[in-house]
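**Student:** What follows is structure-v4.tsv, TSV, C-alpha atoms.
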chain	number	residue	atom	x	y	z
A	1	MET	CA	0.00	0.00	0.00
A	2	THR	CA	1.34	3.38	-1.00
A	3	GLU	CA	0.26	6.92	-0.19
A	4	ASP	CA	-0.88	7.79	-3.72
A	5	LEU	CA	-3.42	5.02	-3.51
A	6	LEU	CA	-5.59	7.33	-1.49
A	7	THR	CA	-6.49	9.72	-4.32
A	8	PRO	CA	-9.73	8.91	-6.16
A	9	ASP	CA	-7.73	8.19	-9.33
A	10	GLY	CA	-5.50	5.81	-7.45
A	11	ILE	CA	-8.45	3.98	-6.01
A	12	ALA	CA	-10.01	3.78	-9.45
A	13	GLN	CA	-6.80	2.30	-10.81
A	14	GLU	CA	-6.66	-0.20	-7.98
A	15	LEU	CA	-10.25	-1.31	-8.65
A	16	ARG	CA	-9.54	-1.63	-12.37
A	17	ALA	CA	-6.45	-3.70	-11.67
A	18	LEU	CA	-8.32	-5.97	-9.31
A	19	ALA	CA	-11.12	-6.45	-11.84
A	20	ALA	CA	-8.64	-7.27	-14.58
A	21	ALA	CA	-6.87	-9.76	-12.33
A	22	ALA	CA	-10.13	-11.39	-11.30
A	23	ALA	CA	-11.62	-11.53	-14.79
A	24	PRO	CA	-10.09	-14.77	-16.13
A	25	ALA	CA	-11.23	-16.68	-13.08
A	26	ARG	CA	-14.94	-16.23	-13.59
A	27	ARG	CA	-16.79	-19.13	-15.20
A	28	ALA	CA	-20.47	-19.17	-15.99
A	29	GLN	CA	-22.38	-22.31	-15.10
A	30	PRO	CA	-22.19	-25.06	-17.71
A	31	PHE	CA	-25.24	-25.43	-19.98
A	32	LEU	CA	-26.40	-21.92	-19.09
A	33	ALA	CA	-27.94	-21.41	-22.52
A	34	GLU	CA	-29.81	-24.72	-22.33
A	35	ALA	CA	-31.15	-23.81	-18.88
A	36	VAL	CA	-32.37	-20.45	-20.18
A	37	ILE	CA	-33.99	-22.03	-23.24
A	38	ASN	CA	-35.75	-24.61	-21.09
A	39	ARG	CA	-37.03	-21.97	-18.70
A	40	CYS	CA	-38.27	-19.73	-21.51
A	41	PRO	CA	-41.31	-21.28	-23.19
A	42	PRO	CA	-42.09	-20.25	-26.77
A	43	ARG	CA	-44.01	-17.04	-26.87
A	44	ARG	CA	-47.56	-17.54	-28.08
A	45	ARG	CA	-48.45	-13.91	-28.16
A	46	TRP	CA	-51.22	-14.00	-30.75
A	47	ARG	CA	-52.76	-17.17	-29.42
A	48	ARG	CA	-52.75	-15.58	-25.99
A	49	ARG	CA	-54.19	-12.32	-27.17
A	50	ALA	CA	-56.91	-14.14	-29.09
A	51	GLY	CA	-57.72	-16.13	-25.95
A	52	ILE	CA	-57.91	-13.00	-23.83
A	53	LEU	CA	-60.06	-11.29	-26.46
A	54	VAL	CA	-62.49	-14.19	-26.81
A	55	GLY	CA	-62.67	-14.79	-23.05
A	56	GLY	CA	-63.12	-11.10	-22.31
A	57	GLY	CA	-65.77	-10.85	-24.99
A	58	LEU	CA	-67.69	-13.78	-23.53
A	59	VAL	CA	-67.54	-12.29	-20.03
A	60	ALA	CA	-68.66	-8.91	-21.34
A	61	LEU	CA	-71.54	-10.50	-23.26
A	62	ALA	CA	-72.64	-12.48	-20.22
A	63	ALA	CA	-72.44	-9.40	-18.00
A	64	ALA	CA	-74.31	-7.30	-20.55
A	65	GLY	CA	-76.98	-10.00	-20.89
A	66	ALA	CA	-77.41	-10.38	-17.15
A	67	THR	CA	-77.64	-6.66	-16.46
A	68	ARG	CA	-79.51	-5.50	-19.57
A	69	PRO	CA	-82.27	-3.11	-18.53
A	70	GLY	CA	-85.63	-4.77	-18.77
A	71	SER	CA	-84.23	-8.30	-18.64
A	72	GLY	CA	-85.61	-9.05	-15.16
A	73	THR	CA	-88.79	-10.88	-14.23
A	74	HIS	CA	-90.35	-7.89	-12.46
A	75	PHE	CA	-90.55	-4.17	-12.98
A	76	ALA	CA	-91.91	-1.22	-11.03
A	77	HIS	CA	-94.16	1.62	-12.08
A	78	MET	CA	-95.10	4.82	-10.32
A	79	GLU	CA	-98.77	5.60	-10.76
A	80	PRO	CA	-99.18	9.20	-11.93
A	81	SER	CA	-102.96	9.39	-11.76
A	82	GLY	CA	-105.73	8.89	-9.24
A	83	ALA	CA	-107.65	6.49	-11.47
A	84	MET	CA	-106.99	3.53	-9.14
A	85	GLU	CA	-107.73	5.22	-5.82
A	86	PRO	CA	-108.17	4.09	-3.12
A	87	THR	CA	-106.25	0.87	-4.03
A	88	VAL	CA	-103.31	2.70	-5.57
A	89	ARG	CA	-103.02	6.35	-4.66
A	90	MET	CA	-101.28	8.90	-6.79
A	91	GLU	CA	-97.45	8.55	-6.69
A	92	GLU	CA	-97.56	5.10	-5.14
A	93	GLN	CA	-95.36	2.42	-6.62
A	94	VAL	CA	-96.65	-0.85	-8.00
A	95	VAL	CA	-94.43	-3.87	-8.71
A	96	PHE	CA	-95.43	-6.05	-11.67
A	97	ASP	CA	-94.64	-9.62	-12.62
A	98	LYS	CA	-94.08	-10.01	-16.36
A	99	GLY	CA	-94.66	-13.76	-16.39
A	100	LEU	CA	-98.19	-14.05	-14.93
A	101	ALA	CA	-101.39	-14.38	-16.95
A	102	PRO	CA	-103.97	-11.76	-15.92
A	103	GLU	CA	-107.00	-13.00	-14.00
A	104	ARG	CA	-110.18	-11.28	-12.90
A	105	GLY	CA	-109.40	-8.84	-10.11
A	106	ASP	CA	-105.74	-8.38	-11.07
A	107	VAL	CA	-104.35	-4.87	-11.29
A	108	VAL	CA	-102.44	-4.67	-14.56
A	109	LEU	CA	-100.39	-2.19	-16.55
A	110	ALA	CA	-101.72	-1.88	-20.09
A	111	HIS	CA	-99.84	-0.24	-22.93
A	112	ARG	CA	-102.12	2.01	-24.89
A	113	THR	CA	-101.91	4.28	-27.91
A	114	ILE	CA	-104.39	7.12	-28.44
A	115	ASP	CA	-103.93	9.25	-31.54
A	116	GLY	CA	-100.28	8.19	-31.77
A	117	PHE	CA	-99.64	9.11	-28.13
A	118	LYS	CA	-98.27	6.11	-26.25
A	119	PHE	CA	-98.64	5.65	-22.51
A	120	ASP	CA	-99.06	2.98	-19.83
A	121	ASN	CA	-102.36	2.75	-18.02
A	122	LEU	CA	-102.88	1.15	-14.60
A	123	SER	CA	-106.26	-0.55	-14.30
A	124	ARG	CA	-108.07	-3.57	-12.86
A	125	VAL	CA	-109.22	-6.58	-14.89
A	126	VAL	CA	-112.96	-7.02	-14.36
A	127	ALA	CA	-113.74	-9.36	-17.25
A	128	LEU	CA	-111.79	-11.64	-19.61
A	129	GLY	CA	-112.42	-12.98	-23.11
A	130	GLY	CA	-115.92	-14.48	-23.50
A	131	ASP	CA	-117.37	-12.70	-20.45
A	132	THR	CA	-120.32	-10.37	-20.65
A	133	ILE	CA	-120.00	-7.26	-18.51
A	134	ALA	CA	-122.59	-4.61	-17.76
A	135	CYS	CA	-123.61	-2.03	-15.23
A	136	PRO	CA	-127.38	-1.75	-15.40
A	137	ALA	CA	-129.05	1.53	-14.56
A	138	ARG	CA	-131.34	1.75	-11.55
A	139	ASP	CA	-134.52	3.82	-11.45
A	140	ASP	CA	-132.51	7.02	-10.77
A	141	GLY	CA	-130.30	6.36	-13.83
A	142	ARG	CA	-127.26	5.41	-11.75
A	143	CYS	CA	-125.61	2.00	-11.35
A	144	ALA	CA	-124.53	0.52	-7.98
A	145	ALA	CA	-122.67	-2.69	-8.94
A	146	ILE	CA	-121.23	-4.24	-12.10
A	147	VAL	CA	-122.81	-7.43	-13.38
A	148	LEU	CA	-120.55	-10.15	-14.75
A	149	ASN	CA	-122.20	-12.92	-16.83
A	150	GLY	CA	-125.56	-12.13	-15.25
A	151	SER	CA	-124.52	-12.04	-11.57
A	152	PRO	CA	-123.57	-8.92	-9.60
A	153	VAL	CA	-119.95	-8.69	-8.50
A	154	SER	CA	-119.23	-7.73	-4.91
A	155	GLU	CA	-116.24	-5.47	-4.55
A	156	PRO	CA	-115.53	-5.23	-0.81
A	157	HIS	CA	-112.23	-3.40	-1.38
A	158	LEU	CA	-114.11	-0.41	-2.82
A	159	GLU	CA	-116.32	2.12	-1.10
A	160	PRO	CA	-119.96	1.68	-2.11
A	161	ILE	CA	-120.35	4.12	-4.97
A	162	LEU	CA	-122.81	4.96	-7.70
A	163	MET	CA	-121.50	5.16	-11.25
A	164	GLY	CA	-122.74	5.78	-14.71
A	165	PRO	CA	-124.38	2.72	-16.34
A	166	PHE	CA	-122.89	0.94	-19.36
A	167	GLY	CA	-123.15	-2.27	-21.35
A	168	PRO	CA	-123.85	-5.01	-21.63
A	169	THR	CA	-120.68	-5.79	-23.61
A	170	THR	CA	-119.17	-9.16	-24.55
A	171	VAL	CA	-115.39	-9.20	-24.29
A	172	PRO	CA	-113.67	-10.72	-27.36
A	173	ASN	CA	-111.29	-13.64	-26.88
A	174	GLY	CA	-107.69	-12.63	-26.19
A	175	SER	CA	-108.80	-9.38	-24.58
A	176	ALA	CA	-109.57	-8.06	-21.11
A	177	PHE	CA	-112.07	-5.47	-19.90
A	178	LEU	CA	-110.32	-3.01	-17.57
A	179	MET	CA	-111.81	-0.60	-15.06
A	180	GLY	CA	-110.17	1.87	-12.71
A	181	ASP	CA	-111.12	1.55	-9.05
A	182	ASN	CA	-111.93	5.25	-8.93
A	183	ARG	CA	-115.00	4.52	-11.01
A	184	ASN	CA	-116.17	8.07	-11.60
A	185	ASN	CA	-112.73	9.45	-12.39
A	186	ALA	CA	-111.15	6.77	-14.56
A	187	SER	CA	-110.67	6.50	-18.29
A	188	ASP	CA	-110.85	2.74	-18.89
A	189	SER	CA	-112.47	0.09	-21.08
A	190	ARG	CA	-115.81	1.85	-20.69
A	191	VAL	CA	-114.27	4.62	-22.80
A	192	TYR	CA	-111.76	2.89	-25.04
A	193	GLY	CA	-113.06	-0.68	-25.11
A	194	PRO	CA	-111.37	-3.98	-24.21
A	195	VAL	CA	-107.57	-4.22	-24.27
A	196	ARG	CA	-105.74	-7.06	-26.00
A	197	LEU	CA	-103.83	-9.35	-23.61
A	198	ASP	CA	-100.69	-8.72	-25.69
A	199	ASP	CA	-100.81	-5.08	-24.61
A	200	ILE	CA	-100.78	-5.99	-20.93
A	201	LEU	CA	-97.19	-5.46	-19.77
A	202	GLY	CA	-97.42	-7.07	-16.35
A	203	VAL	CA	-99.63	-8.21	-13.51
A	204	GLY	CA	-99.33	-6.20	-10.30
A	205	VAL	CA	-98.14	-8.18	-7.27
A	206	ARG	CA	-97.43	-5.47	-4.68
A	207	VAL	CA	-98.33	-1.85	-4.09
A	208	GLU	CA	-95.83	-0.07	-1.85
A	209	GLY	CA	-94.80	-3.52	-0.59
A	210	ARG	CA	-98.34	-4.60	0.38
A	211	PRO	CA	-100.48	-7.21	-1.37
A	212	ILE	CA	-102.97	-5.53	-3.65
A	213	PRO	CA	-106.50	-5.41	-2.13
A	214	GLY	CA	-109.16	-7.17	-4.17
A	215	ALA	CA	-106.63	-9.05	-6.35
A	216	PRO	CA	-105.89	-12.81	-6.27
A	217	PRO	CA	-102.90	-13.61	-4.01
A	218	ARG	CA	-99.66	-13.20	-5.96
A	219	PRO	CA	-96.09	-14.06	-4.87
A	220	ALA	CA	-93.85	-11.08	-4.12
A	221	PRO	CA	-90.70	-10.60	-6.21
A	222	GLY	CA	-87.96	-12.85	-4.90
A	223	ALA	CA	-90.38	-15.18	-3.11
A	224	SER	CA	-89.04	-18.17	-5.06
A	225	ASP	CA	-85.47	-17.30	-4.08
A	226	THR	CA	-84.36	-20.29	-2.02
A	227	VAL	CA	-81.13	-18.74	-0.81
A	228	ASP	CA	-82.29	-15.36	0.41
A	229	PRO	CA	-86.10	-15.22	0.25
A	230	ALA	CA	-87.73	-11.84	0.10
A	231	GLY	CA	-88.62	-10.49	3.52
A	232	SER	CA	-86.54	-13.07	5.38
A	233	SER	CA	-84.43	-10.38	7.00
A	234	SER	CA	-87.25	-8.04	7.95
A	235	ASP	CA	-89.39	-10.85	9.44
A	236	ALA	CA	-87.00	-11.49	12.30
A	237	PRO	CA	-85.28	-8.28	13.36
A	238	SER	CA	-81.95	-9.07	15.00
A	239	VAL	CA	-82.01	-5.92	17.08
A	240	SER	CA	-84.81	-5.37	19.57
A	241	VAL	CA	-86.39	-1.98	19.14
A	242	PRO	CA	-87.72	-0.33	22.28
B	1	MET	CA	-44.69	-18.33	-33.36
B	2	GLY	CA	-42.06	-20.76	-32.21
B	3	MET	CA	-38.35	-20.25	-32.34
B	4	ALA	CA	-36.46	-22.14	-34.99
B	5	ALA	CA	-33.79	-24.65	-33.94
B	6	ALA	CA	-31.25	-22.45	-35.73
B	7	ASP	CA	-32.09	-19.58	-33.38
B	8	HIS	CA	-31.53	-21.83	-30.37
B	9	GLN	CA	-28.20	-22.94	-31.78
B	10	GLU	CA	-27.07	-19.38	-32.36
B	11	PHE	CA	-28.16	-18.37	-28.87
B	12	THR	CA	-26.33	-21.31	-27.32
B	13	ALA	CA	-23.16	-20.42	-29.20
B	14	PHE	CA	-23.45	-16.80	-28.04
B	15	VAL	CA	-23.88	-17.80	-24.39
B	16	ARG	CA	-20.97	-20.27	-24.61
B	17	ALA	CA	-18.72	-17.56	-26.00
B	18	ARG	CA	-19.80	-14.60	-23.89
B	19	GLY	CA	-21.33	-16.20	-20.77
B	20	ASP	CA	-18.23	-15.85	-18.58
B	21	ASP	CA	-17.90	-12.19	-19.40
B	22	LEU	CA	-21.58	-11.54	-18.79
B	23	LEU	CA	-21.46	-13.31	-15.43
B	24	ARG	CA	-18.43	-11.20	-14.47
B	25	TYR	CA	-20.44	-8.10	-15.36
B	26	ALA	CA	-23.40	-9.23	-13.25
B	27	ARG	CA	-21.18	-10.12	-10.29
B	28	LEU	CA	-19.57	-6.72	-10.36
B	29	LEU	CA	-22.95	-5.03	-10.18
B	30	VAL	CA	-24.45	-6.96	-7.25
B	31	ALA	CA	-22.90	-8.23	-4.07
B	32	ASP	CA	-24.44	-11.67	-3.83
B	33	PRO	CA	-22.95	-14.28	-6.23
B	34	GLY	CA	-26.18	-16.29	-6.33
B	35	GLU	CA	-28.17	-13.19	-7.09
B	36	ALA	CA	-25.74	-12.35	-9.89
B	37	GLU	CA	-26.36	-15.75	-11.50
B	38	ASP	CA	-30.11	-15.26	-11.17
B	39	ILE	CA	-29.88	-11.82	-12.74
B	40	LEU	CA	-27.86	-13.23	-15.63
B	41	GLN	CA	-30.47	-15.94	-16.25
B	42	VAL	CA	-33.36	-13.49	-16.14
B	43	ALA	CA	-31.57	-11.13	-18.51
B	44	LEU	CA	-30.77	-14.00	-20.90
B	45	MET	CA	-34.41	-15.06	-20.86
B	46	ARG	CA	-35.39	-11.55	-21.91
B	47	VAL	CA	-32.74	-11.59	-24.63
B	48	LEU	CA	-33.91	-14.98	-25.88
B	49	ARG	CA	-37.38	-13.60	-26.44
B	50	HIS	CA	-36.00	-11.02	-28.85
B	51	TRP	CA	-33.36	-13.26	-30.39
B	52	PRO	CA	-35.32	-13.98	-33.60
B	53	LYS	CA	-35.18	-10.24	-34.38
B	54	ARG	CA	-31.45	-10.62	-35.20
B	55	LEU	CA	-30.01	-8.27	-32.60
B	56	ASP	CA	-27.10	-6.38	-34.12
B	57	ALA	CA	-25.14	-6.16	-30.83
B	58	PRO	CA	-26.23	-9.11	-28.68
B	59	GLU	CA	-23.58	-8.56	-26.02
B	60	ALA	CA	-24.41	-4.90	-25.50
B	61	TYR	CA	-28.09	-5.81	-25.54
B	62	THR	CA	-27.56	-8.46	-22.87
B	63	LYS	CA	-25.50	-6.09	-20.74
B	64	ALA	CA	-28.27	-3.52	-20.97
B	65	ALA	CA	-30.76	-6.25	-19.96
B	66	ILE	CA	-28.60	-7.19	-16.97
B	67	LEU	CA	-28.40	-3.55	-15.95
B	68	ASN	CA	-32.19	-3.27	-16.20
B	69	VAL	CA	-32.65	-6.22	-13.84
B	70	VAL	CA	-30.10	-4.69	-11.46
B	71	ARG	CA	-31.92	-1.37	-11.63
B	72	ASP	CA	-35.15	-3.15	-10.72
B	73	GLY	CA	-33.31	-4.28	-7.62
B	74	PHE	CA	-32.50	-0.66	-6.70
B	75	ARG	CA	-36.16	-0.06	-6.03
B	76	ARG	CA	-36.54	-3.13	-3.82
B	77	ARG	CA	-34.84	-1.94	-0.71
B	78	HIS	CA	-36.13	-4.91	1.28
B	79	LEU	CA	-34.49	-7.32	-1.17
B	80	VAL	CA	-31.05	-5.68	-1.22
B	81	ALA	CA	-28.52	-8.39	-0.49
B	82	VAL	CA	-26.44	-7.85	2.62
B	83	PRO	CA	-22.91	-9.16	2.08
B	84	THR	CA	-21.88	-11.54	4.81
B	85	GLU	CA	-18.65	-13.22	5.74
B	86	ALA	CA	-18.65	-16.27	3.50
B	87	VAL	CA	-16.35	-19.23	3.24
B	88	CYS	CA	-14.25	-19.07	0.10
B	89	ASP	CA	-16.42	-20.24	-2.77
B	90	ARG	CA	-14.17	-21.98	-5.27
B	91	ALA	CA	-16.98	-23.22	-7.46
B	92	GLY	CA	-16.59	-21.92	-10.99
B	93	PHE	CA	-12.96	-21.00	-10.62
B	94	ASP	CA	-10.03	-22.44	-12.44
B	95	VAL	CA	-8.13	-24.67	-10.13
B	96	THR	CA	-4.94	-22.77	-10.89
B	97	GLY	CA	-6.45	-19.31	-10.52
B	98	ASP	CA	-5.40	-18.58	-6.96
B	99	GLU	CA	-4.25	-15.07	-7.75
B	100	ALA	CA	-7.42	-14.33	-9.64
B	101	LEU	CA	-9.41	-15.73	-6.73
B	102	ALA	CA	-7.65	-13.44	-4.28
B	103	ALA	CA	-8.18	-10.44	-6.55
B	104	SER	CA	-11.83	-11.33	-6.93
B	105	GLU	CA	-12.34	-11.58	-3.18
B	106	ARG	CA	-10.58	-8.31	-2.57
B	107	LEU	CA	-12.73	-6.63	-5.23
B	108	ALA	CA	-15.91	-8.07	-3.75
B	109	GLU	CA	-14.85	-6.82	-0.33
B	110	LEU	CA	-14.24	-3.26	-1.56
B	111	LEU	CA	-17.37	-3.07	-3.72
B	112	GLY	CA	-19.38	-4.62	-0.90
B	113	LEU	CA	-18.93	-1.41	1.05
B	114	LEU	CA	-21.13	0.47	-1.43
B	115	PRO	CA	-24.90	0.69	-1.57
B	116	PRO	CA	-26.45	-0.53	-4.86
B	117	ARG	CA	-26.58	2.71	-6.82
B	118	GLN	CA	-23.08	3.83	-5.86
B	119	ARG	CA	-21.81	0.35	-6.64
B	120	ALA	CA	-23.36	0.33	-10.10
B	121	THR	CA	-22.01	3.81	-10.81
B	122	VAL	CA	-18.50	2.90	-9.72
B	123	VAL	CA	-18.56	-0.33	-11.72
B	124	LEU	CA	-19.79	1.28	-14.93
B	125	ARG	CA	-17.65	4.41	-14.72
B	126	VAL	CA	-14.41	2.96	-13.34
B	127	ILE	CA	-14.23	-0.71	-14.22
B	128	GLU	CA	-16.27	-0.79	-17.44
B	129	GLY	CA	-14.76	2.54	-18.50
B	130	LEU	CA	-17.97	4.25	-19.60
B	131	SER	CA	-18.03	8.04	-19.87
B	132	GLU	CA	-20.10	10.10	-17.45
B	133	ALA	CA	-22.78	10.65	-20.11
B	134	GLU	CA	-22.90	6.95	-21.01
B	135	THR	CA	-23.15	5.95	-17.36
B	136	ALA	CA	-25.95	8.45	-16.81
B	137	LYS	CA	-27.81	7.07	-19.82
B	138	ALA	CA	-27.30	3.45	-18.74
B	139	LEU	CA	-28.54	4.12	-15.21
B	140	ARG	CA	-31.23	6.54	-16.43
B	141	CYS	CA	-30.12	9.27	-14.08
B	142	SER	CA	-28.55	12.71	-14.52
B	143	ILE	CA	-24.85	13.31	-15.03
B	144	GLY	CA	-24.80	15.15	-11.70
B	145	THR	CA	-26.10	12.02	-9.96
B	146	VAL	CA	-23.36	9.96	-11.61
B	147	LYS	CA	-20.74	12.43	-10.41
B	148	SER	CA	-21.98	12.50	-6.83
B	149	ASN	CA	-22.50	8.71	-6.63
B	150	LEU	CA	-19.02	8.13	-8.03
B	151	ALA	CA	-17.38	10.61	-5.66
B	152	ARG	CA	-19.20	9.22	-2.63
B	153	GLY	CA	-18.48	5.63	-3.62
B	154	LEU	CA	-14.78	6.23	-4.13
B	155	ASP	CA	-14.66	8.25	-0.92
B	156	LYS	CA	-16.18	5.34	0.98
B	157	VAL	CA	-13.56	2.96	-0.43
B	158	ARG	CA	-10.84	5.46	0.40
B	159	THR	CA	-12.01	5.79	3.99
B	160	ALA	CA	-12.00	2.01	4.37
B	161	LEU	CA	-8.50	1.71	2.93
B	162	ASN	CA	-7.30	4.53	5.18
B	163	ALA	CA	-8.61	2.77	8.25
B	164	GLU	CA	-6.99	-0.46	7.07
B	165	MET	CA	-3.60	1.21	6.68
B	166	PHE	CA	-3.95	2.89	10.04
B	167	ASP	CA	-4.65	-0.51	11.63
B	168	LYS	CA	-1.59	-1.98	9.93
B	169	GLU	CA	0.65	0.84	11.12
B	170	GLY	CA	-0.73	0.42	14.61
B	171	ALA	CA	0.02	-3.25	14.49
B	172	LEU	CA	3.58	-2.65	13.31
B	173	ARG	CA	4.34	-0.26	16.16
Go ahead and render the structure in this file as structure tokens.
**Tutor:**
Amino acid sequence: MTEDLLTPDGIAQELRALAAAAAPARRAQPFLAEAVINRCPPRRRWRRRAGILVGGGLVALAAAGATRPGSGTHFAHMEPSGAMEPTVRMEEQVVFDKGLAPERGDVVLAHRTIDGFKFDNLSRVVALGGDTIACPARDDGRCAAIVLNGSPVSEPHLEPILMGPFGPTTVPNGSAFLMGDNRNNASDSRVYGPVRLDDILGVGVRVEGRPIPGAPPRPAPGASDTVDPAGSSSDAPSVSVP
Amino acid sequence: MGMAAADHQEFTAFVRARGDDLLRYARLLVADPGEAEDILQVALMRVLRHWPKRLDAPEAYTKAAILNVVRDGFRRRHLVAVPTEAVCDRAGFDVTGDEALAASERLAELLGLLPPRQRATVVLRVIEGLSEAETAKALRCSIGTVKSNLARGLDKVRTALNAEMFDKEGALR
């Protein structure tokens, strides 16, 4: 060791000399190239990209199909009119099942077109294809109860009310005769005639979460869910409320 | 898109011819001999991927690949190898290369004093003989960083040598 070693240049020279002296000793492992080749599989870039593309496309399609608006079994509708009061008040929400066939007493949403203006109309089915419906006038020219196929229909879910007489009318097959529960303030089949069953978008199952009064019992949305049935959590509250 | 057998042959010939030199380069840049071999393999795997493109300077390309792997290691502070006292590892040395072995150990000892970035700077600038600009480009840092890392690295080595000499003088007295 000499004094001039301690300048940066001297140290650099020393390192260079050491590296040069050490260089011939270094040997790479035998068969290094073979090991690298074995560890490096052939690159299948395009095959891989095609796989990713196809797989991603399938996932996207499935996701789009599962979440497409309108693809569910049920839908909801907010009633903008008072034509169904007191069963469905203005601004209340009704949930419909798309898969049910309408029966007498069901509240349904019917798609209608008047003078090219399209809208959805909430109403109750009072008669189906083949039925004869009428509301005969009493002595004072008013009508107290509708008559279906010759026998008066009792409607306990409605307030006793007098309405304008109509009929009798026979409903054609494949159609339904609809009437609003608010008999004196509803535009329904008395005005526009029977509605084809094809134009009925869904059968109401719940109004604001309650069963619909005067309608046949209908399962709530999610009632057939075996894993997490509708209402299972609210039936048994886990926290006691004072 | 598979590689032709001819490509594999060419690659094997290249590694046979230049492998020792490339391993030396990797061992200069990192402290741990095992890590150096790993880095060389990873770099060669990256080179092999691009081999069918007919690289015009395969050795320079491989050295750049090695440096990239080493630079990855800069960012992994928790994986920085800590040099330890090791028994003399004769594997891979010529049986007759005792002098070379001693030089190699001495070099490893001195370079082992430096943290990764300073070490790489000292190796590239001093031992590989790159210019300041080339070193800066290779390490993707500024020339000022190269200058300061080099000065600090050499200073650290100098301090260690100073202390060594002082010890020796003390022992002689």
**Student:** Excluding Pro168 (chain A) and residues on its chain fewer than 3 positions from it, collect all residues at most 7 Å away from it, counting all atoms listed in the file, and give them as number ranges by chain.
**Tutor:** A: 132-134
**Student:** Give me the residues within 12 Å of Gly150 (chain A) as a PyMOL selection string, counting all atoms listed in the file and dropping any in the same chain fewer than 3 places off.
**Tutor:** chain A and resi 131-136+145-147+153+167-170
**Student:** Take the selection from the previous step and output its residues with C-alpha atoms, as a PDB file, keeping the file's coordinate frame.
**Tutor:**
ATOM      1  CA  ASP A 131    -117.370 -12.700 -20.450  1.00  0.00           C
ATOM      2  CA  THR A 132    -120.320 -10.370 -20.650  1.00  0.00           C
ATOM      3  CA  ILE A 133    -120.000  -7.260 -18.510  1.00  0.00           C
ATOM      4  CA  ALA A 134    -122.590  -4.610 -17.760  1.00  0.00           C
ATOM      5  CA  CYS A 135    -123.610  -2.030 -15.230  1.00  0.00           C
ATOM      6  CA  PRO A 136    -127.380  -1.750 -15.400  1.00  0.00           C
ATOM      7  CA  ALA A 145    -122.670  -2.690  -8.940  1.00  0.00           C
ATOM      8  CA  ILE A 146    -121.230  -4.240 -12.100  1.00  0.00           C
ATOM      9  CA  VAL A 147    -122.810  -7.430 -13.380  1.00  0.00           C
ATOM     10  CA  VAL A 153    -119.950  -8.690  -8.500  1.00  0.00           C
ATOM     11  CA  GLY A 167    -123.150  -2.270 -21.350  1.00  0.00           C
ATOM     12  CA  PRO A 168    -123.850  -5.010 -21.630  1.00  0.00           C
ATOM     13  CA  THR A 169    -120.680  -5.790 -23.610  1.00  0.00           C
ATOM     14  CA  THR A 170    -119.170  -9.160 -24.550  1.00  0.00           C
TER      15      THR A 170
END
**Student:** What are the closest atom pairs, with distances in Å to one decimal, for all residues of chain A lying within 6 Å of chain B? Consider all atoms listed in the file, order rows by chain and residue number, and present the result as JSON lines.
**Tutor:**
{"residue": "A:Leu6", "atom": "CA", "partner": "B:Arg158", "partner_atom": "CA", "distance": 5.9}
{"residue": "A:Ala12", "atom": "CA", "partner": "B:Val126", "partner_atom": "CA", "distance": 5.9}
{"residue": "A:Arg16", "atom": "CA", "partner": "B:Ile127", "partner_atom": "CA", "distance": 5.1}
{"residue": "A:Leu18", "atom": "CA", "partner": "B:Ala103", "partner_atom": "CA", "distance": 5.3}
{"residue": "A:Ala21", "atom": "CA", "partner": "B:Ala100", "partner_atom": "CA", "distance": 5.3}
{"residue": "A:Ala22", "atom": "CA", "partner": "B:Ala100", "partner_atom": "CA", "distance": 4.3}
{"residue": "A:Ala25", "atom": "CA", "partner": "B:Phe93", "partner_atom": "CA", "distance": 5.3}
{"residue": "A:Arg26", "atom": "CA", "partner": "B:Phe93", "partner_atom": "CA", "distance": 6.0}
{"residue": "A:Arg27", "atom": "CA", "partner": "B:Asp20", "partner_atom": "CA", "distance": 4.9}
{"residue": "A:Ala28", "atom": "CA", "partner": "B:Asp20", "partner_atom": "CA", "distance": 4.8}
{"residue": "A:Ala33", "atom": "CA", "partner": "B:Thr12", "partner_atom": "CA", "distance": 5.1}
{"residue": "A:Val36", "atom": "CA", "partner": "B:Met45", "partner_atom": "CA", "distance": 5.8}
{"residue": "A:Pro42", "atom": "CA", "partner": "B:Gly2", "partner_atom": "CA", "distance": 5.5}
**Student:** Take the residues from that selection and put them in a file with C-alpha atoms, as a PDB file, in the frame of the given file.
**Tutor:**
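Generated output (out.pdb):
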ATOM      1  CA  LEU A   6      -5.590   7.330  -1.490  1.00  0.00           C
ATOM      2  CA  ALA A  12     -10.010   3.780  -9.450  1.00  0.00           C
ATOM      3  CA  ARG A  16      -9.540  -1.630 -12.370  1.00  0.00           C
ATOM      4  CA  LEU A  18      -8.320  -5.970  -9.310  1.00  0.00           C
ATOM      5  CA  ALA A  21      -6.870  -9.760 -12.330  1.00  0.00           C
ATOM      6  CA  ALA A  22     -10.130 -11.390 -11.300  1.00  0.00           C
ATOM      7  CA  ALA A  25     -11.230 -16.680 -13.080  1.00  0.00           C
ATOM      8  CA  ARG A  26     -14.940 -16.230 -13.590  1.00  0.00           C
ATOM      9  CA  ARG A  27     -16.790 -19.130 -15.200  1.00  0.00           C
ATOM     10  CA  ALA A  28     -20.470 -19.170 -15.990  1.00  0.00           C
ATOM     11  CA  ALA A  33     -27.940 -21.410 -22.520  1.00  0.00           C
ATOM     12  CA  VAL A  36     -32.370 -20.450 -20.180  1.00  0.00           C
ATOM     13  CA  PRO A  42     -42.090 -20.250 -26.770  1.00  0.00           C
TER      14      PRO A  42
END
**Student:** If you measure from CA of Lys118 (chain A) to CA of Leu178 (chain A), what distance in Å do you get, rounded to one decimal?
**Tutor:** 17.4 Å
**Student:** For CA of Ile66 (chain B) and CA of Ala36 (chain B), determine how far apart the two atoms are, in Å to one decimal place.
**Tutor:** 9.2 Å
